[in-house]
Amino acid sequence: MTQSRLSRPDHWRTRLGSVTVWLVLLLLIIVPVGCFLAVGVSPKLFGLGPQWWTWSTIRSTFTGYTRKGMVDSLLVSSSSAVLAVAVATTMAWLVHRTNLWGRRFWSAAMWVLMLVPTWMTTLGWIDVLQPGELATALGWHSLFLYHHFFGPDGIIFVLTTAALPFSYFIISVGMRGLGSEFEDAARVHGASRARALRTVLPIIAPALLSAFAISFAESMSDFGVAFTLGSGAHFPIATYVLFNAIYSFPANFPVAAVIAAVLILSTVPPVYLQSRVMRGRSYAVLSGRTRGVRRHQFTPWARAGVTAGVAVFMFLVLGLPLTGAVTSSFTNTASFLTPTGVHWTLDSYRQIFNAPPAFTALGGPLLTSNELGLLVASGTVVIALVLAKRLASRTSGAAQRIMDSFLLGSVAIPGIVLGIGYIFFYDQRFITQHVVDLYETLPLLIMGLIASATPGQARLLTGPVAQIQSSLSEAARVHGASRWRAWRTTSLPLLSRAIVWAWLLTFTKTISELAIAQILYQPGHEPVSVTIETYLGTIFATIGSAATVLTLVEMLGVIVIVLTLFRLVTPRGWRRIGESVVPS
Amino acid sequence: MASHASVPTILLYNAQGYGDKVAAAFNATNPGFKVVPYDDSTGPLFTKIQAEMAAGSPKWGIFWADGATEFAALDKLHALATNIVPKAASYNAAGMSNVPADGSFAPTGLTVSGALCYDKVAATGVTLPSKVSGLTSLPAGILGMNDPSQSGPTFPLIAGVMAHLAGITASMKPTNAQILAAVNDGENFYLKLKKNGLQVHPTNGPTLGAMESNPATLDAATIQSSACYGDINAKPKSYWPTGAVKYLDYSVALPSNLGIDAKLSPALQADAKKFVAYVLTTKGQLAMQHGDPYGDGLFWPVIKGVSPESYLPNYSVTRAYAINPYVWGPLENTINTWFTQNIVN
């Protein structure tokens, strides 16, 4: 339905909706981040220098070490995004279009990979590769790999594994929505297998480009790698340089602001490319008549070989780091292998809830994080759905592109920038004394975490939302259904699975989020990620490993419970058609 | 300051392992107001303080961290209440030497940075030097230290080395030329160490981990004394039975300090001073020791009549060299940036 055909009340409702959406985005993201970025050119605005306007910070940032950091980040993020999309496309094709063994298992493994934050992955790898750890115990000489891990190779590897599931799910949605009829049509007209592939791949171009863009943005903003691999890598990346600028003495907020602006602006080219490619074309392929797919049948030997290859790959990217963390958690010695062998013990797990002096037991923080996860996930899903609907709209033109660029740019905002931006804005004397004093309260932390999660979730939900043809709800409206009923009976069944997974993903990401939590948590209510971080890097690191493992198990437990409830309370049809937009 | 459970509260930005326990012990005997700890490392806490100051509405009330340079910087910005050191505090000589003239921060304990921690097994056959300058002659690749941009106690060590090389003492008012010469000497020293394979790890934990791993990837490191003693003397069993500490011709004094926000109301400042006074009593010092017995609690007390933990040597053994935080604090960013660009990377 176009704007011109809207009745006057509908027109005002739409305008009011737009204003509300932008108001929410202003308060959550735009103003706090804007405050932070502003000090890059106007340090006096926040008493951080004598100038109301200066280009000197920008000039100095684009020299020497900081310039190298930004260039390195662009190279690393581009490489990671390309690798992630290539691997994800292959994996998506194998899982959704072939008779690969264990297809549901590999999809589930991708979800687990998505839940594991980069700092956990990195620490897991250190538990494997560091001399004296798992690899040494198995008799492998890992020093060479260990030194490579703390360098560009390790950074690209970890960022690729982190971006991989995002790409995989976006591309999977594209592939699942694409019935076999397009491939069949090409083959019927005499196209070879390769030619058919070249015909079909452009149909999922939006998914491929979207996967690249989000992988690039996620890699550019990743804080976990900067936090864990950054200093030892001898290869400065922008987030590490930014981290150093903020935590240097005195903090160099103006330089950090310029780096943050570069990170955000770097997402413009991928969005531009995406919009150029998609201009004027519709990629909606999902409707009430979408057909099922026909799988490529490998021969038994090829099937075994390909499955083994996928298994080895998934073990490398997910199994090995998790094994490192788990094995480390069952010891409490300085290194996994001691001169007298490996000493297995449950001590670290006992001490999680009976913490050593000067440390916090995990119970309270875990409860706080679950509370945060519940509220943040629920808030995020509502806002992300509204944004996804606007992004998927095919009538809004410039507004849609602005929203798209804005959200992708927001994905690239490092959590630490959001956190400091929240202090700059919400701790303003005028606001605290005359409006509301939210700083260091649970509501502000919740807002910060929603602001961090919303852009990514909105873009992830855009795929499923975009694939729903508007004729479905239009038909319902023509038959007299209210706007709400039309949405509930047509879109909700198709989106229910995507909504549940978006909720679960946000819930788990909230529990493991560190950068914003560390800056904005409420005194006396430490989130679990902050507690775990205090253990790691001390003699009680094995308790940190045990706490990490327990937290991961708890996350998986919540996923199982929510999915079970989803299975129990939703009609069977919802789950079946929902699989078209979110792969199982 | 927020009101909590009907009594006023003061936020304690705490980077000390014992901070929570000391606050709890204090709150138990002072019902009129409550000290609420906010725990984190020195870097993030100091960043928060600066961000809050930039926003114009600081929330912190008391700041407790290792090192004096951050406190000197806050004092220069007039962000600290002055004369917070209680007259009744019976500082010993080592403690008194770290009290600033305007009493804007109060030393609460002493550790040293630059103690040579080493693994007795890994360093078998290695002749450890007796002077800091001798570290450049160690076999290649066996020495490590922390990254000053991530490890709070490491900048004072680097500044101390620079000051010592140029003969700048804590009581001197050096000229810019003297400071520049000291910085140049120090940079040359660290470049020599790098040429000899110096390994830089982020903080005490990973540096110790590299010496404690099996096999060790690092034989010795110049880090904070309390971190080494913590691992060696952990109970019920040592985390590093083959670890040892050697003091060279000097180490660098690293006082832990308390500071109070100058923007607190007079009433809350008075309350905050009660907390400072409590920490500087025998009870307070013991609460610090017992609050983190294998970490930050391994300090040398600054109050007369309180003994350090039994396995700490006499403070004089450390030959601690004090730096003037008002001279070296302003150079921290420049020196750390140089270190990151030339030594770490």
# chains A, B, ... in the order shown; residues from 1 in each chain; ligands from 1
>>> residues_around(residues="A:Phe353", least_positions_apart="6", cutoff="12 Å", atoms="only C-alpha atoms", output="PyMOL selection string")
chain A and resi 347+359-366+531+543-544+546-547+550
>>> write_last_selection(atoms="N, CA and C atoms", output="PDB file, in the first residue's frame")
ATOM      1  N   ASP A 347      37.302 -28.653  42.173  1.00  0.00           N
ATOM      2  CA  ASP A 347      37.474 -27.510  43.074  1.00  0.00           C
ATOM      3  C   ASP A 347      36.999 -26.195  42.462  1.00  0.00           C
ATOM      4  N   PHE A 359      36.910 -12.139  45.936  1.00  0.00           N
ATOM      5  CA  PHE A 359      36.194 -12.420  44.688  1.00  0.00           C
ATOM      6  C   PHE A 359      34.702 -12.581  44.982  1.00  0.00           C
ATOM      7  N   THR A 360      33.911 -12.453  43.907  1.00  0.00           N
ATOM      8  CA  THR A 360      32.458 -12.526  44.058  1.00  0.00           C
ATOM      9  C   THR A 360      31.970 -13.897  43.630  1.00  0.00           C
ATOM     10  N   ALA A 361      31.075 -14.484  44.436  1.00  0.00           N
ATOM     11  CA  ALA A 361      30.467 -15.762  44.045  1.00  0.00           C
ATOM     12  C   ALA A 361      29.536 -15.523  42.854  1.00  0.00           C
ATOM     13  N   LEU A 362      29.315 -16.573  42.088  1.00  0.00           N
ATOM     14  CA  LEU A 362      28.630 -16.405  40.801  1.00  0.00           C
ATOM     15  C   LEU A 362      27.104 -16.261  40.923  1.00  0.00           C
ATOM     16  N   GLY A 363      26.530 -16.732  42.036  1.00  0.00           N
ATOM     17  CA  GLY A 363      25.069 -16.792  42.163  1.00  0.00           C
ATOM     18  C   GLY A 363      24.372 -15.469  41.876  1.00  0.00           C
ATOM     19  N   GLY A 364      24.709 -14.438  42.636  1.00  0.00           N
ATOM     20  CA  GLY A 364      24.065 -13.126  42.482  1.00  0.00           C
ATOM     21  C   GLY A 364      24.243 -12.561  41.086  1.00  0.00           C
ATOM     22  N   PRO A 365      25.489 -12.508  40.578  1.00  0.00           N
ATOM     23  CA  PRO A 365      25.695 -11.981  39.231  1.00  0.00           C
ATOM     24  C   PRO A 365      24.936 -12.750  38.149  1.00  0.00           C
ATOM     25  N   LEU A 366      24.837 -14.081  38.314  1.00  0.00           N
ATOM     26  CA  LEU A 366      24.122 -14.881  37.310  1.00  0.00           C
ATOM     27  C   LEU A 366      22.638 -14.517  37.309  1.00  0.00           C
ATOM     28  N   THR A 531      31.940 -10.367  36.540  1.00  0.00           N
ATOM     29  CA  THR A 531      32.488 -11.249  37.575  1.00  0.00           C
ATOM     30  C   THR A 531      33.517 -12.205  36.979  1.00  0.00           C
ATOM     31  N   ILE A 543      38.805 -20.908  38.007  1.00  0.00           N
ATOM     32  CA  ILE A 543      37.429 -20.661  38.484  1.00  0.00           C
ATOM     33  C   ILE A 543      36.689 -19.851  37.424  1.00  0.00           C
ATOM     34  N   GLY A 544      37.404 -18.917  36.780  1.00  0.00           N
ATOM     35  CA  GLY A 544      36.813 -18.153  35.676  1.00  0.00           C
ATOM     36  C   GLY A 544      36.391 -19.077  34.552  1.00  0.00           C
ATOM     37  N   ALA A 546      35.617 -22.271  34.853  1.00  0.00           N
ATOM     38  CA  ALA A 546      34.458 -23.031  35.324  1.00  0.00           C
ATOM     39  C   ALA A 546      33.197 -22.168  35.268  1.00  0.00           C
ATOM     40  N   ALA A 547      33.336 -20.908  35.653  1.00  0.00           N
ATOM     41  CA  ALA A 547      32.181 -19.995  35.616  1.00  0.00           C
ATOM     42  C   ALA A 547      31.722 -19.778  34.174  1.00  0.00           C
ATOM     43  N   LEU A 550      29.875 -22.933  33.093  1.00  0.00           N
ATOM     44  CA  LEU A 550      28.563 -22.994  33.746  1.00  0.00           C
ATOM     45  C   LEU A 550      27.589 -21.991  33.117  1.00  0.00           C
TER      46      LEU A 550
END
>>> residues_around(residues="B:His201", least_positions_apart="6", cutoff="12 Å", atoms="only C-alpha atoms", output="short mmCIF file (atom, residue, chain, number, x, y, z; two decimals) with C-alpha atoms, in the first residue's frame")
data_model
loop_
_atom_site.label_atom_id
_atom_site.label_comp_id
_atom_site.auth_asym_id
_atom_site.auth_seq_id
_atom_site.Cartn_x
_atom_site.Cartn_y
_atom_site.Cartn_z
CA PHE A 150 48.55 -13.68 18.73
CA THR A 228 42.03 -10.48 24.67
CA LEU A 229 44.27 -10.64 21.58
CA GLY A 230 44.88 -6.95 20.95
CA SER A 231 47.90 -6.21 23.08
CA GLY A 232 49.81 -9.38 22.39
CA ALA A 233 49.14 -9.36 18.67
CA HIS A 234 51.84 -6.83 17.71
CA GLY A 537 44.08 -13.32 34.32
CA LEU B 143 62.69 -11.51 30.70
CA GLY B 144 59.16 -10.17 30.73
CA MET B 145 57.11 -7.28 32.04
CA ASN B 146 53.57 -5.85 31.80
CA ASP B 147 52.08 -3.46 29.28
CA PRO B 148 51.77 -0.04 31.01
CA SER B 149 48.67 0.84 29.02
CA GLN B 150 46.84 -2.10 30.60
CA SER B 151 48.61 -2.67 33.88
CA THR B 154 53.69 -0.65 35.29
CA THR B 207 52.98 -12.49 32.96
CA LEU B 208 52.89 -14.78 35.99
CA GLY B 209 51.07 -17.39 33.90
CA ALA B 210 53.94 -17.40 31.39
CA MET B 211 56.43 -18.13 34.21
CA THR B 217 57.76 -19.44 28.37
CA LEU B 218 59.30 -16.80 30.56
CA ALA B 221 59.78 -10.67 35.04
CA THR B 222 59.81 -7.25 36.68
CA ILE B 223 56.30 -6.88 38.08
CA THR B 340 53.05 0.71 23.01
CA ILE B 343 58.19 -1.87 22.71
CA VAL B 344 54.85 -3.69 22.59
CA ASN B 345 54.44 -3.53 18.80
#
>>> closest_residue(among="A:Ile170, A:Ile499, A:Leu442, A:Val200", to="A:Glu183", atoms="only C-alpha atoms")
A:Val200
>>> atom_distance(atom1="atom CA of A:Leu48", atom2="atom CA of B:Glu52")
11.7 Å
>>> closest_residue(among="B:Pro100, B:Pro241, B:Pro255, B:Pro44", to="chain A", atoms="only C-alpha atoms")
B:Pro44
>>> interface_residues(of="chain B", to="chain A", cutoff="7 Å", atoms="only C-alpha atoms", output="PDB file with N, CA and C atoms, in the first residue's frame")
ATOM      1  N   GLY B  17      41.519  -5.499  45.795  1.00  0.00           N
ATOM      2  CA  GLY B  17      40.873  -6.777  46.103  1.00  0.00           C
ATOM      3  C   GLY B  17      40.205  -6.782  47.462  1.00  0.00           C
ATOM      4  N   TYR B  18      40.735  -6.016  48.391  1.00  0.00           N
ATOM      5  CA  TYR B  18      40.201  -6.023  49.758  1.00  0.00           C
ATOM      6  C   TYR B  18      39.112  -4.969  49.971  1.00  0.00           C
ATOM      7  N   PRO B  37      30.680  -0.256  47.501  1.00  0.00           N
ATOM      8  CA  PRO B  37      31.786  -0.432  46.553  1.00  0.00           C
ATOM      9  C   PRO B  37      31.301  -0.626  45.113  1.00  0.00           C
ATOM     10  N   TYR B  38      32.066  -0.087  44.194  1.00  0.00           N
ATOM     11  CA  TYR B  38      31.881  -0.335  42.756  1.00  0.00           C
ATOM     12  C   TYR B  38      33.236  -0.850  42.284  1.00  0.00           C
ATOM     13  N   GLY B  43      42.116   1.258  35.517  1.00  0.00           N
ATOM     14  CA  GLY B  43      41.908   1.944  34.237  1.00  0.00           C
ATOM     15  C   GLY B  43      40.443   2.277  33.982  1.00  0.00           C
ATOM     16  N   PRO B  44      39.547   1.257  33.974  1.00  0.00           N
ATOM     17  CA  PRO B  44      38.133   1.547  33.744  1.00  0.00           C
ATOM     18  C   PRO B  44      37.539   2.512  34.776  1.00  0.00           C
ATOM     19  N   THR B  47      38.677   5.969  33.986  1.00  0.00           N
ATOM     20  CA  THR B  47      37.959   6.426  32.784  1.00  0.00           C
ATOM     21  C   THR B  47      36.551   6.885  33.151  1.00  0.00           C
ATOM     22  N   ALA B  51      34.923  10.518  32.622  1.00  0.00           N
ATOM     23  CA  ALA B  51      33.699  10.692  31.829  1.00  0.00           C
ATOM     24  C   ALA B  51      32.632  11.398  32.669  1.00  0.00           C
ATOM     25  N   GLU B  52      32.527  11.024  33.924  1.00  0.00           N
ATOM     26  CA  GLU B  52      31.550  11.666  34.807  1.00  0.00           C
ATOM     27  C   GLU B  52      31.879  13.145  35.002  1.00  0.00           C
ATOM     28  N   ALA B  54      33.474  14.975  32.850  1.00  0.00           N
ATOM     29  CA  ALA B  54      33.165  15.637  31.584  1.00  0.00           C
ATOM     30  C   ALA B  54      31.666  15.909  31.471  1.00  0.00           C
ATOM     31  N   ALA B  55      30.856  14.963  31.966  1.00  0.00           N
ATOM     32  CA  ALA B  55      29.407  15.144  31.905  1.00  0.00           C
ATOM     33  C   ALA B  55      28.928  16.176  32.926  1.00  0.00           C
ATOM     34  N   GLY B  56      29.728  16.396  33.942  1.00  0.00           N
ATOM     35  CA  GLY B  56      29.399  17.453  34.907  1.00  0.00           C
ATOM     36  C   GLY B  56      28.670  16.972  36.140  1.00  0.00           C
ATOM     37  N   SER B  57      28.514  15.655  36.295  1.00  0.00           N
ATOM     38  CA  SER B  57      27.763  15.179  37.454  1.00  0.00           C
ATOM     39  C   SER B  57      28.419  13.918  38.030  1.00  0.00           C
ATOM     40  N   SER B 149      49.984   0.298  29.371  1.00  0.00           N
ATOM     41  CA  SER B 149      48.667   0.836  29.017  1.00  0.00           C
ATOM     42  C   SER B 149      47.545  -0.044  29.561  1.00  0.00           C
ATOM     43  N   HIS B 201      53.519  -8.801  28.402  1.00  0.00           N
ATOM     44  CA  HIS B 201      52.180  -9.365  28.573  1.00  0.00           C
ATOM     45  C   HIS B 201      51.271  -8.269  29.138  1.00  0.00           C
ATOM     46  N   PRO B 202      49.941  -8.424  28.993  1.00  0.00           N
ATOM     47  CA  PRO B 202      49.063  -7.314  29.393  1.00  0.00           C
ATOM     48  C   PRO B 202      49.165  -6.920  30.868  1.00  0.00           C
ATOM     49  N   GLY B 205      48.675 -11.086  35.804  1.00  0.00           N
ATOM     50  CA  GLY B 205      48.196 -12.462  35.661  1.00  0.00           C
ATOM     51  C   GLY B 205      48.845 -13.203  34.503  1.00  0.00           C
ATOM     52  N   PRO B 206      48.725 -12.687  33.274  1.00  0.00           N
ATOM     53  CA  PRO B 206      49.352 -13.383  32.141  1.00  0.00           C
ATOM     54  C   PRO B 206      50.882 -13.462  32.250  1.00  0.00           C
ATOM     55  N   GLY B 209      51.466 -16.160  34.575  1.00  0.00           N
ATOM     56  CA  GLY B 209      51.065 -17.395  33.903  1.00  0.00           C
ATOM     57  C   GLY B 209      52.169 -17.911  32.988  1.00  0.00           C
ATOM     58  N   GLU B 212      54.689 -19.516  35.181  1.00  0.00           N
ATOM     59  CA  GLU B 212      54.203 -20.680  35.924  1.00  0.00           C
ATOM     60  C   GLU B 212      53.818 -21.841  35.011  1.00  0.00           C
ATOM     61  N   SER B 213      53.706 -21.570  33.694  1.00  0.00           N
ATOM     62  CA  SER B 213      53.247 -22.637  32.797  1.00  0.00           C
ATOM     63  C   SER B 213      54.320 -23.721  32.702  1.00  0.00           C
ATOM     64  N   ASN B 214      53.888 -24.838  32.204  1.00  0.00           N
ATOM     65  CA  ASN B 214      54.789 -25.981  32.125  1.00  0.00           C
ATOM     66  C   ASN B 214      54.852 -26.487  30.687  1.00  0.00           C
ATOM     67  N   PRO B 215      55.893 -26.189  29.909  1.00  0.00           N
ATOM     68  CA  PRO B 215      57.119 -25.501  30.316  1.00  0.00           C
ATOM     69  C   PRO B 215      56.925 -23.991  30.389  1.00  0.00           C
ATOM     70  N   ASP B 231      50.894 -15.629  44.447  1.00  0.00           N
ATOM     71  CA  ASP B 231      50.934 -16.945  43.792  1.00  0.00           C
ATOM     72  C   ASP B 231      51.834 -17.911  44.559  1.00  0.00           C
ATOM     73  N   TYR B 239      50.390 -21.810  44.353  1.00  0.00           N
ATOM     74  CA  TYR B 239      50.162 -21.894  42.916  1.00  0.00           C
ATOM     75  C   TYR B 239      51.486 -21.886  42.164  1.00  0.00           C
ATOM     76  N   GLY B 291      41.318  -9.122  53.845  1.00  0.00           N
ATOM     77  CA  GLY B 291      40.333  -9.030  52.752  1.00  0.00           C
ATOM     78  C   GLY B 291      40.816  -9.645  51.456  1.00  0.00           C
ATOM     79  N   ASP B 292      42.104  -9.714  51.250  1.00  0.00           N
ATOM     80  CA  ASP B 292      42.638 -10.312  50.016  1.00  0.00           C
ATOM     81  C   ASP B 292      44.003 -10.920  50.335  1.00  0.00           C
ATOM     82  N   GLU B 332      52.404  10.375  31.682  1.00  0.00           N
ATOM     83  CA  GLU B 332      52.000   8.968  31.560  1.00  0.00           C
ATOM     84  C   GLU B 332      51.490   8.625  30.164  1.00  0.00           C
ATOM     85  N   ASN B 333      50.635   9.475  29.621  1.00  0.00           N
ATOM     86  CA  ASN B 333      50.067   9.180  28.298  1.00  0.00           C
ATOM     87  C   ASN B 333      51.157   9.117  27.235  1.00  0.00           C
ATOM     88  N   GLN B 341      54.001   1.780  21.062  1.00  0.00           N
ATOM     89  CA  GLN B 341      54.416   1.816  19.660  1.00  0.00           C
ATOM     90  C   GLN B 341      55.811   1.243  19.437  1.00  0.00           C
ATOM     91  N   VAL B 344      55.884  -2.649  22.698  1.00  0.00           N
ATOM     92  CA  VAL B 344      54.848  -3.688  22.585  1.00  0.00           C
ATOM     93  C   VAL B 344      54.714  -4.133  21.132  1.00  0.00           C
ATOM     94  N   ASN B 345      54.642  -3.165  20.202  1.00  0.00           N
ATOM     95  CA  ASN B 345      54.438  -3.530  18.797  1.00  0.00           C
ATOM     96  C   ASN B 345      55.723  -3.447  17.988  1.00  0.00           C
TER      97      ASN B 345
END
>>> select_by_dssp(residues="stretch 2-119 of chain A", states="alpha helix (DSSP H)", output="MDAnalysis selection string")
chainID A and resid 8:25 31:38 56:61 64:97 103:115 118:119
>>> residues_around(residues="B:Ala81", least_positions_apart="4", cutoff="6 Å", atoms="only C-alpha atoms", output="list in words")
Ser104, Ile260, Asp261 and Ala262 of chain B
>>> atom_distance(atom1="atom CA of A:Arg390", atom2="atom CA of A:Ser473")
15.4 Å
